[in-house]
Structure formats: structure tokens, C-alpha cells
>>> print(open('model39.csv').read())   # CSV, C-alpha atoms and all ligand atoms
chain,number,residue,atom,x,y,z
A,27,MET,CA,0.0,0.0,0.0
A,28,THR,CA,1.4,3.3,-1.0
A,29,SER,CA,1.5,5.8,1.7
A,30,ASP,CA,0.3,9.2,0.7
A,31,PRO,CA,0.0,11.4,3.7
A,32,PHE,CA,-2.7,13.4,2.0
A,33,HIS,CA,-5.0,10.4,1.4
A,34,PRO,CA,-5.0,8.4,4.7
A,35,VAL,CA,-5.9,4.7,4.5
A,36,GLN,CA,-7.1,4.5,8.1
A,37,ARG,CA,-10.3,6.6,8.3
A,38,PRO,CA,-12.3,6.2,11.4
A,39,ARG,CA,-14.7,8.8,9.9
A,40,ARG,CA,-15.9,6.2,7.4
A,41,LEU,CA,-18.1,4.6,10.1
A,42,ARG,CA,-19.5,8.0,11.0
A,43,THR,CA,-20.8,8.9,7.6
A,44,SER,CA,-24.5,8.1,8.1
A,45,PRO,CA,-27.0,7.9,11.0
A,46,GLY,CA,-27.5,4.2,10.2
A,47,LEU,CA,-23.8,3.4,10.3
A,48,ARG,CA,-23.3,5.3,13.4
A,49,ARG,CA,-26.1,3.4,15.0
A,50,LEU,CA,-24.7,0.1,13.7
A,51,VAL,CA,-21.3,0.6,15.3
A,52,SER,CA,-22.6,2.2,18.5
A,53,GLU,CA,-20.9,0.4,21.5
A,54,THR,CA,-23.2,1.6,24.2
A,55,ARG,CA,-27.0,1.9,24.2
A,56,LEU,CA,-29.3,3.2,26.8
A,57,HIS,CA,-32.3,1.0,27.4
A,58,PRO,CA,-35.4,1.9,29.5
A,59,ALA,CA,-35.2,-1.5,31.4
A,60,ASP,CA,-31.8,-0.5,32.8
A,61,LEU,CA,-33.1,2.7,34.4
A,62,ILE,CA,-34.3,3.0,37.9
A,63,LEU,CA,-36.6,5.9,38.9
A,64,PRO,CA,-36.2,7.2,42.5
A,65,VAL,CA,-39.4,8.6,44.0
A,66,PHE,CA,-40.1,10.6,47.2
A,67,VAL,CA,-43.3,10.1,49.1
A,68,GLY,CA,-44.3,12.5,51.8
A,69,GLU,CA,-46.4,11.5,54.7
A,70,GLY,CA,-49.8,13.2,54.9
A,71,LEU,CA,-49.6,15.0,51.5
A,72,LYS,CA,-52.8,15.6,49.7
A,73,ASP,CA,-51.1,17.0,46.6
A,74,PRO,CA,-47.6,16.5,45.2
A,75,ARG,CA,-45.2,19.1,46.6
A,76,PRO,CA,-42.5,20.5,44.3
A,77,ILE,CA,-38.8,20.3,45.5
A,78,GLN,CA,-37.3,23.7,44.8
A,79,SER,CA,-33.7,22.5,44.5
A,80,MET,CA,-34.7,19.8,42.0
A,81,PRO,CA,-36.9,21.3,39.3
A,82,GLY,CA,-39.3,18.7,37.9
A,83,VAL,CA,-39.0,16.4,40.9
A,84,VAL,CA,-41.7,16.3,43.6
A,85,GLN,CA,-42.5,14.7,46.9
A,86,HIS,CA,-45.4,12.6,45.9
A,87,CYS,CA,-48.8,12.1,47.6
A,88,ARG,CA,-50.4,8.7,47.1
A,89,SER,CA,-52.3,9.5,43.8
A,90,SER,CA,-49.3,11.3,42.1
A,91,LEU,CA,-47.1,8.3,43.2
A,92,VAL,CA,-49.5,5.9,41.5
A,93,ASP,CA,-49.5,8.0,38.4
A,94,ALA,CA,-45.7,8.2,38.3
A,95,LEU,CA,-45.4,4.5,38.7
A,96,GLN,CA,-47.9,3.6,36.1
A,97,GLU,CA,-46.2,6.0,33.7
A,98,ALA,CA,-42.8,4.5,34.5
A,99,ALA,CA,-44.1,1.0,34.0
A,100,ALA,CA,-45.8,1.9,30.7
A,101,LEU,CA,-42.5,3.5,29.4
A,102,GLY,CA,-40.6,0.3,30.2
A,103,VAL,CA,-38.5,1.7,33.1
A,104,GLY,CA,-36.7,-1.1,34.9
A,105,GLY,CA,-37.5,-0.4,38.5
A,106,VAL,CA,-38.5,2.2,41.1
A,107,MET,CA,-36.7,3.2,44.2
A,108,VAL,CA,-38.9,4.6,47.0
A,109,PHE,CA,-37.9,7.1,49.7
A,110,GLY,CA,-40.3,8.0,52.5
A,111,ILE,CA,-40.5,11.4,54.2
A,112,PRO,CA,-42.1,11.1,57.6
A,113,LEU,CA,-43.9,13.9,59.5
A,114,LYS,CA,-42.2,13.0,62.8
A,115,LYS,CA,-38.5,12.2,63.5
A,116,ASP,CA,-36.8,11.0,66.6
A,117,ALA,CA,-33.4,10.0,67.8
A,118,MET,CA,-33.8,6.3,67.0
A,119,GLY,CA,-35.6,6.8,63.6
A,120,SER,CA,-38.6,4.9,64.9
A,121,GLY,CA,-40.7,5.8,61.9
A,122,ALA,CA,-38.4,3.6,59.8
A,123,VAL,CA,-39.4,0.4,61.6
A,124,ASP,CA,-43.1,1.2,61.9
A,125,PRO,CA,-45.1,-1.2,59.7
A,126,ASN,CA,-47.6,1.6,59.2
A,127,GLY,CA,-44.9,4.2,58.6
A,128,ILE,CA,-44.8,6.3,55.4
A,129,LEU,CA,-42.2,4.1,53.7
A,130,SER,CA,-44.0,0.8,54.3
A,131,GLN,CA,-47.3,2.4,53.1
A,132,ALA,CA,-45.6,3.9,50.0
A,133,ILE,CA,-44.2,0.4,49.3
A,134,ARG,CA,-47.6,-1.1,49.5
A,135,TRP,CA,-49.1,1.6,47.2
A,136,SER,CA,-46.2,1.1,44.8
A,137,VAL,CA,-46.4,-2.6,44.6
A,138,GLU,CA,-50.1,-2.3,43.9
A,139,ALA,CA,-49.6,0.3,41.1
A,140,SER,CA,-46.4,-1.0,39.5
A,141,ARG,CA,-47.7,-3.9,37.4
A,142,GLY,CA,-44.8,-6.1,38.5
A,143,LEU,CA,-42.1,-3.5,38.3
A,144,PRO,CA,-39.4,-4.2,40.9
A,145,ILE,CA,-39.9,-2.0,43.9
A,146,ILE,CA,-36.7,-1.0,45.7
A,147,ALA,CA,-37.1,0.4,49.2
A,148,ASP,CA,-34.5,2.7,50.6
A,149,LEU,CA,-33.2,1.2,53.8
A,150,CYS,CA,-31.5,3.9,55.9
A,151,LEU,CA,-32.5,6.0,58.9
A,152,ASP,CA,-31.5,9.5,57.8
A,153,GLU,CA,-35.0,10.6,56.8
A,154,TYR,CA,-36.4,9.3,60.2
A,155,THR,CA,-33.8,10.6,62.7
A,156,ASP,CA,-34.1,14.1,64.3
A,157,HIS,CA,-30.3,14.5,64.0
A,158,GLY,CA,-30.4,13.4,60.4
A,159,HIS,CA,-27.7,10.8,60.5
A,160,CYS,CA,-28.0,7.5,58.8
A,161,GLY,CA,-27.7,5.6,62.0
A,162,VAL,CA,-28.4,5.9,65.7
A,163,LEU,CA,-26.0,7.8,68.0
A,164,ASP,CA,-24.1,6.7,71.0
A,165,ARG,CA,-23.8,8.8,74.2
A,166,ALA,CA,-20.9,10.8,72.8
A,167,GLY,CA,-23.0,11.7,69.7
A,168,ARG,CA,-21.1,9.5,67.3
A,169,VAL,CA,-22.9,7.2,64.9
A,170,ASP,CA,-23.1,3.8,66.6
A,171,ASN,CA,-22.4,1.2,63.9
A,172,ASP,CA,-23.5,-1.9,65.7
A,173,ALA,CA,-26.6,-0.4,67.4
A,174,THR,CA,-27.6,0.8,63.9
A,175,LEU,CA,-27.3,-2.7,62.5
A,176,ARG,CA,-30.2,-3.8,64.8
A,177,GLN,CA,-32.4,-1.0,63.5
A,178,TYR,CA,-31.5,-1.9,59.9
A,179,ALA,CA,-32.3,-5.5,60.5
A,180,ALA,CA,-35.7,-4.6,61.9
A,181,MET,CA,-36.3,-2.2,59.1
A,182,GLY,CA,-35.4,-4.8,56.5
A,183,ASN,CA,-38.0,-7.2,57.7
A,184,VAL,CA,-40.7,-4.5,57.8
A,185,LEU,CA,-39.9,-3.4,54.2
A,186,ALA,CA,-39.8,-7.0,52.9
A,187,GLU,CA,-43.2,-7.6,54.6
A,188,ALA,CA,-44.6,-4.4,52.9
A,189,GLY,CA,-43.7,-6.1,49.6
A,190,ALA,CA,-40.3,-4.5,48.5
A,191,SER,CA,-38.5,-7.0,46.3
A,192,VAL,CA,-35.2,-5.2,46.7
A,193,LEU,CA,-33.7,-3.2,49.7
A,194,GLY,CA,-31.5,-0.3,48.8
A,195,MET,CA,-28.9,-0.4,51.6
A,196,SER,CA,-27.7,3.2,51.6
A,197,GLY,CA,-26.5,3.7,55.2
A,198,MET,CA,-22.8,2.8,54.8
A,199,MET,CA,-22.6,1.0,58.2
A,200,ASP,CA,-20.0,-1.8,58.3
A,201,GLY,CA,-21.6,-5.2,58.3
A,202,GLN,CA,-25.0,-3.9,57.2
A,203,ILE,CA,-25.4,-6.4,54.4
A,204,ALA,CA,-24.7,-9.5,56.6
A,205,ALA,CA,-27.0,-8.2,59.4
A,206,VAL,CA,-30.0,-7.5,57.1
A,207,ARG,CA,-29.5,-10.7,55.1
A,208,SER,CA,-29.5,-12.8,58.2
A,209,SER,CA,-32.6,-11.2,59.7
A,210,LEU,CA,-34.4,-11.5,56.3
A,211,ASP,CA,-33.5,-15.1,56.1
A,212,ALA,CA,-34.5,-15.8,59.7
A,213,ALA,CA,-37.9,-14.4,58.8
A,214,GLY,CA,-38.2,-16.5,55.6
A,215,HIS,CA,-37.6,-13.6,53.2
A,216,TYR,CA,-35.0,-15.6,51.2
A,217,ASP,CA,-35.9,-13.9,48.0
A,218,THR,CA,-35.7,-10.3,49.1
A,219,SER,CA,-32.6,-9.0,47.3
A,220,LEU,CA,-30.1,-6.5,48.6
A,221,LEU,CA,-28.8,-3.7,46.5
A,222,ALA,CA,-25.7,-2.5,48.4
A,223,TYR,CA,-24.6,1.1,48.1
A,224,ALA,CA,-21.2,-0.5,48.4
A,225,ALA,CA,-19.1,2.5,47.3
A,226,LYS,CA,-21.0,5.5,48.6
A,227,TYR,CA,-19.0,8.7,48.9
A,228,ALA,CA,-19.4,11.7,51.2
A,229,SER,CA,-20.4,14.0,48.3
A,230,ALA,CA,-21.3,17.6,47.9
A,231,PHE,CA,-23.8,16.4,45.2
A,232,TYR,CA,-26.3,15.2,47.7
A,233,GLY,CA,-27.2,18.8,48.5
A,234,PRO,CA,-30.6,18.9,46.8
A,235,PHE,CA,-31.6,15.5,48.1
A,236,ARG,CA,-31.3,16.8,51.6
A,237,GLU,CA,-34.0,19.4,50.8
A,238,ALA,CA,-36.0,16.7,49.0
A,239,VAL,CA,-36.2,14.6,52.2
A,240,GLN,CA,-36.2,17.6,54.6
A,241,SER,CA,-33.1,16.3,56.2
A,242,SER,CA,-32.3,17.6,59.6
A,243,LEU,CA,-28.6,16.8,59.3
A,244,VAL,CA,-26.1,19.2,60.9
A,245,GLY,CA,-22.5,18.4,60.1
A,246,ASP,CA,-21.4,15.7,57.7
A,247,ARG,CA,-21.2,12.0,57.1
A,248,LEU,CA,-17.5,11.7,56.8
A,249,THR,CA,-17.1,9.0,59.4
A,250,TYR,CA,-19.2,6.6,57.4
A,251,GLN,CA,-19.3,7.6,53.8
A,252,GLN,CA,-16.2,7.3,51.8
A,253,ASP,CA,-13.6,9.9,51.1
A,254,PRO,CA,-13.9,11.0,47.4
A,255,ALA,CA,-10.1,10.7,47.1
A,256,ASN,CA,-10.2,6.9,47.5
A,257,ALA,CA,-10.8,4.4,44.7
A,258,ARG,CA,-8.9,1.4,46.0
A,259,GLU,CA,-10.9,1.5,49.1
A,260,ALA,CA,-14.1,1.1,47.0
A,261,GLU,CA,-12.8,-2.3,45.9
A,262,ARG,CA,-12.6,-3.3,49.5
A,263,GLU,CA,-16.1,-2.1,50.3
A,264,VAL,CA,-17.5,-3.9,47.2
A,265,ALA,CA,-15.7,-7.1,48.0
A,266,LEU,CA,-17.0,-7.0,51.6
A,267,ASP,CA,-20.6,-6.4,50.5
A,268,VAL,CA,-20.5,-9.2,48.0
A,269,ALA,CA,-19.0,-11.6,50.6
A,270,GLU,CA,-21.8,-10.6,53.0
A,271,GLY,CA,-24.5,-11.4,50.4
A,272,ALA,CA,-25.1,-8.3,48.3
A,273,ASP,CA,-27.0,-9.2,45.1
A,274,ILE,CA,-26.3,-5.9,43.3
A,275,VAL,CA,-23.6,-3.3,44.2
A,276,MET,CA,-23.8,0.4,43.6
A,277,VAL,CA,-21.4,3.3,43.1
A,278,LYS,CA,-22.7,6.7,44.2
A,279,PRO,CA,-22.5,9.4,43.0
A,280,ALA,CA,-22.1,8.2,39.4
A,281,LEU,CA,-20.7,11.1,37.3
A,282,SER,CA,-17.8,12.1,39.6
A,283,PHE,CA,-16.9,8.5,40.2
A,284,LEU,CA,-17.0,6.9,36.7
A,285,ASP,CA,-13.5,5.4,37.3
A,286,VAL,CA,-14.9,3.6,40.4
A,287,VAL,CA,-17.8,2.3,38.3
A,288,ALA,CA,-15.3,0.9,35.8
A,289,ARG,CA,-13.2,-0.6,38.5
A,290,THR,CA,-16.2,-2.2,40.2
A,291,LYS,CA,-17.3,-3.7,36.9
A,292,ALA,CA,-13.9,-5.2,36.4
A,293,THR,CA,-13.6,-6.6,39.9
A,294,THR,CA,-17.0,-8.2,40.6
A,295,SER,CA,-19.5,-10.4,38.8
A,296,VAL,CA,-22.7,-9.2,40.4
A,297,PRO,CA,-24.7,-6.5,38.6
A,298,VAL,CA,-23.3,-3.0,39.0
A,299,ALA,CA,-25.5,0.0,39.5
A,300,ALA,CA,-24.6,3.7,39.6
A,301,TYR,CA,-26.7,6.6,41.0
A,302,VAL,CA,-26.8,9.9,39.2
A,303,VAL,CA,-27.6,11.9,42.3
A,304,SER,CA,-29.6,15.0,43.0
A,305,GLY,CA,-26.8,17.5,42.6
A,306,GLU,CA,-25.8,16.0,39.3
A,307,TYR,CA,-29.4,16.3,38.2
A,308,SER,CA,-29.9,19.8,39.4
A,309,MET,CA,-26.6,21.0,37.9
A,310,VAL,CA,-27.8,19.9,34.4
A,311,GLU,CA,-31.3,21.3,34.9
A,312,ALA,CA,-29.8,24.7,36.0
A,313,ALA,CA,-27.4,24.8,33.1
A,314,ALA,CA,-30.3,23.9,30.7
A,315,ALA,CA,-32.6,26.5,32.2
A,316,ALA,CA,-29.8,29.1,31.8
A,317,GLY,CA,-29.7,28.1,28.1
A,318,VAL,CA,-26.1,27.1,28.1
A,319,ILE,CA,-26.5,23.4,27.2
A,320,ASP,CA,-28.9,21.4,25.1
A,321,ARG,CA,-30.7,19.6,27.9
A,322,GLN,CA,-31.7,16.4,26.1
A,323,ARG,CA,-28.3,15.8,24.5
A,324,ALA,CA,-26.5,16.6,27.8
A,325,ILE,CA,-28.7,14.1,29.7
A,326,GLU,CA,-28.2,11.4,27.1
A,327,GLU,CA,-24.5,12.0,27.0
A,328,LEU,CA,-24.1,11.8,30.7
A,329,LEU,CA,-26.2,8.6,31.1
A,330,THR,CA,-24.4,7.0,28.2
A,331,SER,CA,-21.1,7.8,30.0
A,332,VAL,CA,-22.3,6.0,33.1
A,333,SER,CA,-23.3,3.0,31.0
A,334,ARG,CA,-20.0,3.1,29.0
A,335,ALA,CA,-18.1,3.1,32.3
A,336,GLY,CA,-19.7,-0.2,33.1
A,337,ALA,CA,-23.0,0.4,35.0
A,338,ASP,CA,-25.6,-2.3,34.2
A,339,LEU,CA,-28.2,-0.3,36.0
A,340,ILE,CA,-28.6,3.5,36.3
A,341,VAL,CA,-30.6,5.2,39.0
A,342,THR,CA,-31.7,8.6,37.7
A,343,TYR,CA,-34.4,11.1,38.3
A,344,TRP,CA,-34.7,11.4,34.5
A,345,ALA,CA,-35.6,7.7,34.1
A,346,SER,CA,-39.1,8.1,32.8
A,347,GLN,CA,-38.3,11.0,30.7
A,348,VAL,CA,-35.3,9.3,29.0
A,349,ALA,CA,-37.4,6.1,28.6
A,350,GLY,CA,-39.9,8.2,26.8
A,351,TRP,CA,-37.2,9.5,24.4
A,352,LEU,CA,-35.9,5.9,23.9
A,353,HIS,CA,-39.1,4.0,23.8
A,354,PRO,CA,-39.4,1.9,21.8
A,355,CYS,CA,-35.7,1.8,21.5
A,356,TRP,CA,-35.5,0.9,17.8
A,357,ARG,CA,-37.8,3.6,16.5
A,358,PRO,CA,-36.4,5.5,13.5
A,359,GLU,CA,-37.4,8.9,14.8
A,360,GLN,CA,-34.3,8.8,16.9
A,361,PHE,CA,-32.2,8.9,13.8
A,362,GLY,CA,-34.2,11.8,12.3
A,363,GLY,CA,-36.5,9.2,10.8
A,364,ARG,CA,-33.8,8.2,8.3
A,365,PHE,CA,-31.3,5.4,8.3
A,366,SER,CA,-29.1,6.9,5.5
B,1,LIG,C1,-29.2,8.4,52.4
B,1,LIG,C2,-29.3,8.8,51.0
B,1,LIG,C3,-28.8,10.0,50.4
B,1,LIG,C4,-29.1,9.9,49.1
B,1,LIG,C5,-29.7,8.7,48.8
B,1,LIG,N1,-29.8,8.0,50.0
B,1,LIG,C6,-28.2,11.2,51.0
B,1,LIG,C7,-27.0,11.1,51.8
B,1,LIG,O1,-26.3,10.1,51.9
B,1,LIG,O2,-26.8,12.2,52.5
B,1,LIG,C8,-28.7,10.9,48.1
B,1,LIG,C9,-29.4,10.8,46.7
B,1,LIG,C10,-29.2,12.0,45.9
B,1,LIG,O3,-28.5,13.0,46.2
B,1,LIG,O4,-29.9,12.0,44.8
B,1,LIG,N2,-30.3,7.6,52.7
>>> encode(input="model39.csv", output="C-alpha cells", more="lines below")
Ligand code: PBG
Amino acid sequence: MTSDPFHPVQRPRRLRTSPGLRRLVSETRLHPADLILPVFVGEGLKDPRPIQSMPGVVQHCRSSLVDALQEAAALGVGGVMVFGIPLKKDAMGSGAVDPNGILSQAIRWSVEASRGLPIIADLCLDEYTDHGHCGVLDRAGRVDNDATLRQYAAMGNVLAEAGASVLGMSGMMDGQIAAVRSSLDAAGHYDTSLLAYAAKYASAFYGPFREAVQSSLVGDRLTYQQDPANAREAEREVALDVAEGADIVMVKPALSFLDVVARTKATTSVPVAAYVVSGEYSMVEAAAAAGVIDRQRAIEELLTSVSRAGADLIVTYWASQVAGWLHPCWRPEQFGGRFS
């Protein structure tokens, strides 16, 4: 082959010449079934209540929750993750272990409305404690790991009984997967799965969520959530959770930890999830509202990057909307209606 520097033989652009070819060689595809929609349900609400810091996201009342779930199911979304916001909080987070508490109720409403869509219940105390921590405190005011495990174990059984098929273990206590697994099994809930927030970082991007759940946290979660500087430590967290019985592991946040997503995918064989958190959501919404980015393209690019990094499942507040854009995933409108 003669080499003429002005007519290159190797032309990666060849495969980019038409929408059809670009689609053919696309390495990563978003699919509605891989998206999980988080929903907030407020105790005692008669109408949905907007969350200022997360434009487009609400605290649901029962009827708006049912609508959101039916819409998600119809659009082919893969699952729903439910958070409860109680009216009362206390030091032990008692609302979390109350079978008639808001989360258990919301789970029952969700199961009824979801047409078989997997319902993931958030298992953590932070929405229910008056101090806002993810666990109970000892006398010195520190988060008491082992006392928290008892509460988590009780909460796990309550949520399984309410009908959750998966428990989202978001509290970052050591040993939480083993503790909840053993209490589920002792009660015969062998098939309730555990989604472990295995590598959960102490992130600035949870800011809007704290408003969403009316968190009363003062201070930070640095003694239990991971230091954003550490990636190798995530491997240890993931390995421990898998050894304790995690069925799915999650990395959170997603966008600022794509390297950790990739590393987790490479080092474990259970499904890997990643959570595009509230601050990541609101950042894009704010930029789009300011007219400085194309909202839909930005969202698709970001979610594609999470998938490309290795996430099998993506938790995102955009789940239903993106599923609407993709659904059904083969439709030609996505390519401007043309394949050539
Ligand atoms: C804790 C929990 C948090 C989020 C999900 N579960 C907040 C925290 O750890 O402070 C954040 C989700 C988000 O920001 O979208 N139960």
C-alpha cells in the first residue's frame, strides 16, 4: 500500500458517515429497562409538593405516586426506588421500623400500582432521625455502627413484609449487608434482594436530596461515607458487601466516580448500579434553564457515559423522561426518521 500522507488509508470517519452506520457501530445503548426511577413520598400529603432544589421532581402524595409508577411501567423503566419522608422524626428513627410508617405504606401503594415493576425500598435511617444521621448515635453523639445494624435488621423485615422486592442499603454501616441478610432469612424472606450502596462517597452532590427529604442533618457523614479521594478502598467495600451477600452493588454518585464504576465492573460479577444523584441532576437542569447546554443531549451523553463506564443499572431522576425518548428503543425517529 502506497503511503500518501494526503490520502489516509485509516479513516475512522468512514463509520460515521450516516446515521444508520453510526447506530450500527454504537458500542453503548441506553435502554429503559436498565433505568431505575427514584421517587419521594411525603407522609400526609394531599397533593404533590415541588422540590425547589430539583426542578421537575416532587414529593409525591399517594395519587401522584400511583400516576408516576404507572407511567414508568408503561414506558418500560426497569425499577422504582422509593424514599419516605415522615412527618415526625426522633433519635432512633422509629418511623423507619413502623409497619404503618410512610415508607411501608408507600411500598404497598407502589407494589399495587407498579404492574410487577421491581420496587426497591431505601433502607436507611436518615429521613427518620431528628439528628439526620444514617444511624443511631451513642452517648458521645457518634454514629453507633453496631446499634444501627439492629435497627436496619428490623427495618429490612418491615420493608420486605410491605412487599419490597429489593432493599437499597444506603447507610454505609459496616456489616449492614450481613446483618440484614441474616434477619431477612430468619424471617423467611429468602428472595428479598439486597442492593448494596457499596461505594458511597461523602459527596457535595447530595445537597438537593437533603432538601427533598427535609433532612435535619447538621454536620457531615465523613465518618461513614467514603472519602472522594479513595478508589482502591471502594474495591474493599465492594468485596466485603459481595461476601456478605449483596445481590447488586452500587457506586454513588455516578458522574464524579466513573472510574470507580469501571473498576467495580472489572472486579465483581454481580450487577453494578450507579446513582446519578440529586446535585448531578440539578446541575444539568440549572445549566439547561440558563440556556447554556442542550438539555436532552446533555442528559443522554451523561447517562451514556455511566453505561459506558460499566454500569448495568442506572438510578436517575430522569428515568421516565429518558425512557420516553428511547421508547421503543429501535424507533427510527431517533435517527431523524432516516437510516441513511
Ligand atoms: C441516604 C441517601 C442519600 C441519598 C440517597 N440516600 C443522601 C445522603 O447520603 O446524604 C442521596 C441521593 C441523591 O442525592 O440523589 N439515605
>>> closest_atom_pairs(input="model39.csv", of="range 219-275 of chain A", to="range 163-185 of chain A", cutoff="10 Å", atoms="all atoms listed in the file", output="CSV")
residue,atom,partner,partner_atom,distance
A:Leu220,CA,A:Gly182,CA,9.7
A:Arg247,CA,A:Val169,CA,9.3
A:Thr249,CA,A:Val169,CA,8.2
A:Tyr250,CA,A:Val169,CA,8.4
>>> write_last_selection(input="model39.csv", atoms="C-alpha atoms", output="tab-separated table (two decimals), in the coordinates of the input")
chain	number	residue	atom	x	y	z
A	220	LEU	CA	-30.10	-6.50	48.60
A	247	ARG	CA	-21.20	12.00	57.10
A	249	THR	CA	-17.10	9.00	59.40
A	250	TYR	CA	-19.20	6.60	57.40
>>> residues_around(input="model39.csv", residues="Gly233 in chain A", least_positions_apart="6", cutoff="9 Å", atoms="all atoms listed in the file", output="PyMOL selection string")
chain A and resi 79+304-305
>>> closest_residue(input="model39.csv", among="A:Ala188, A:Ala222, A:Val277, A:Val303", to="ligand LIG 1 (chain B)", atoms="all atoms listed in the file")
A:Val303
>>> atom_distance(input="model39.csv", atom1="CA of Ile77 in chain A", atom2="CA of Ser242 in chain A")
15.8 Å
>>> residues_around(input="model39.csv", residues="range 213-218 of chain A", least_positions_apart="2", cutoff="9 Å", atoms="all atoms listed in the file", output="list in words")
Asn183, Ala186, Glu187, Ala190, Ser191, Val192, Leu193, Arg207, Ser208, Ser209, Leu210, Asp211 and Leu220 of chain A
>>> atom_distance(input="model39.csv", atom1="CA of Ala225 in chain A", atom2="CA of Met198 in chain A")
8.4 Å
>>> residues_around(input="model39.csv", residues="range 278-293 of chain A", least_positions_apart="3", cutoff="7 Å", atoms="only C-alpha atoms", output="list in words")
Ala225, Lys226, Tyr227, Ala257, Glu261, Val298, Ala300, Tyr301, Val302, Val303, Val332, Ala335, Gly336 and Ala337 of chain A
>>> closest_atom_pairs(input="model39.csv", of="chain A", to="ligand LIG 1 (chain B)", cutoff="7 Å", atoms="only C-alpha atoms and all ligand atoms", output="tab-separated table")
residue	atom	partner	partner_atom	distance
A:Asp148	CA	B:LIG1	N2	6.8
A:Cys150	CA	B:LIG1	N2	5.0
A:Leu151	CA	B:LIG1	N2	6.8
A:Asp152	CA	B:LIG1	N2	5.6
A:Glu153	CA	B:LIG1	N2	6.9
A:Cys160	CA	B:LIG1	N2	6.5
A:Ser196	CA	B:LIG1	N2	5.2
A:Gly197	CA	B:LIG1	N2	6.0
A:Phe231	CA	B:LIG1	O3	5.9
A:Tyr232	CA	B:LIG1	O3	3.5
A:Gly233	CA	B:LIG1	O3	6.4
A:Pro234	CA	B:LIG1	O3	6.3
A:Phe235	CA	B:LIG1	O3	4.4
A:Arg236	CA	B:LIG1	C6	6.4
A:Val302	CA	B:LIG1	O4	6.7
A:Val303	CA	B:LIG1	O4	3.4
A:Ser304	CA	B:LIG1	O4	3.5
A:Gly305	CA	B:LIG1	O3	6.0
>>> atom_distance(input="model39.csv", atom1="CA of His157 in chain A", atom2="CA of Glu69 in chain A")
18.8 Å
>>> residues_around(input="model39.csv", residues="Tyr307 in chain A", least_positions_apart="6", cutoff="10 Å", atoms="all atoms listed in the file", output="list in words")
Ser79, Met80, Pro81, Val83, Phe231, Pro234, Ile325, Thr342, Tyr343 and Trp344 of chain A
>>> closest_residue(input="model39.csv", among="A:Ser140, A:Asp124, A:Ala117, A:His33", to="Ala94 in chain A", atoms="all atoms listed in the file")
A:Ser140
>>> residues_around(input="model39.csv", residues="Lys114 in chain A", least_positions_apart="6", cutoff="10 Å", atoms="only C-alpha atoms", output="VMD selection string")
chain A and resid 69 120 to 121 153 to 156
>>> closest_residue(input="model39.csv", among="A:Ile128, A:Val296, A:Leu61, A:Leu149", to="Pro112 in chain A", atoms="only C-alpha atoms")
A:Ile128
>>> residues_near_point(input="model39.csv", point="(-22.2, -9.5, 58.2)", cutoff="9 Å", atoms="all atoms listed in the file", output="count of residues only")
14
>>> residues_near_point(input="model39.csv", point="(-19.9, 12.6, 52.0)", cutoff="8 Å", atoms="all atoms listed in the file", output="PyMOL selection string")
chain A and resi 226-230+246-248+251-254
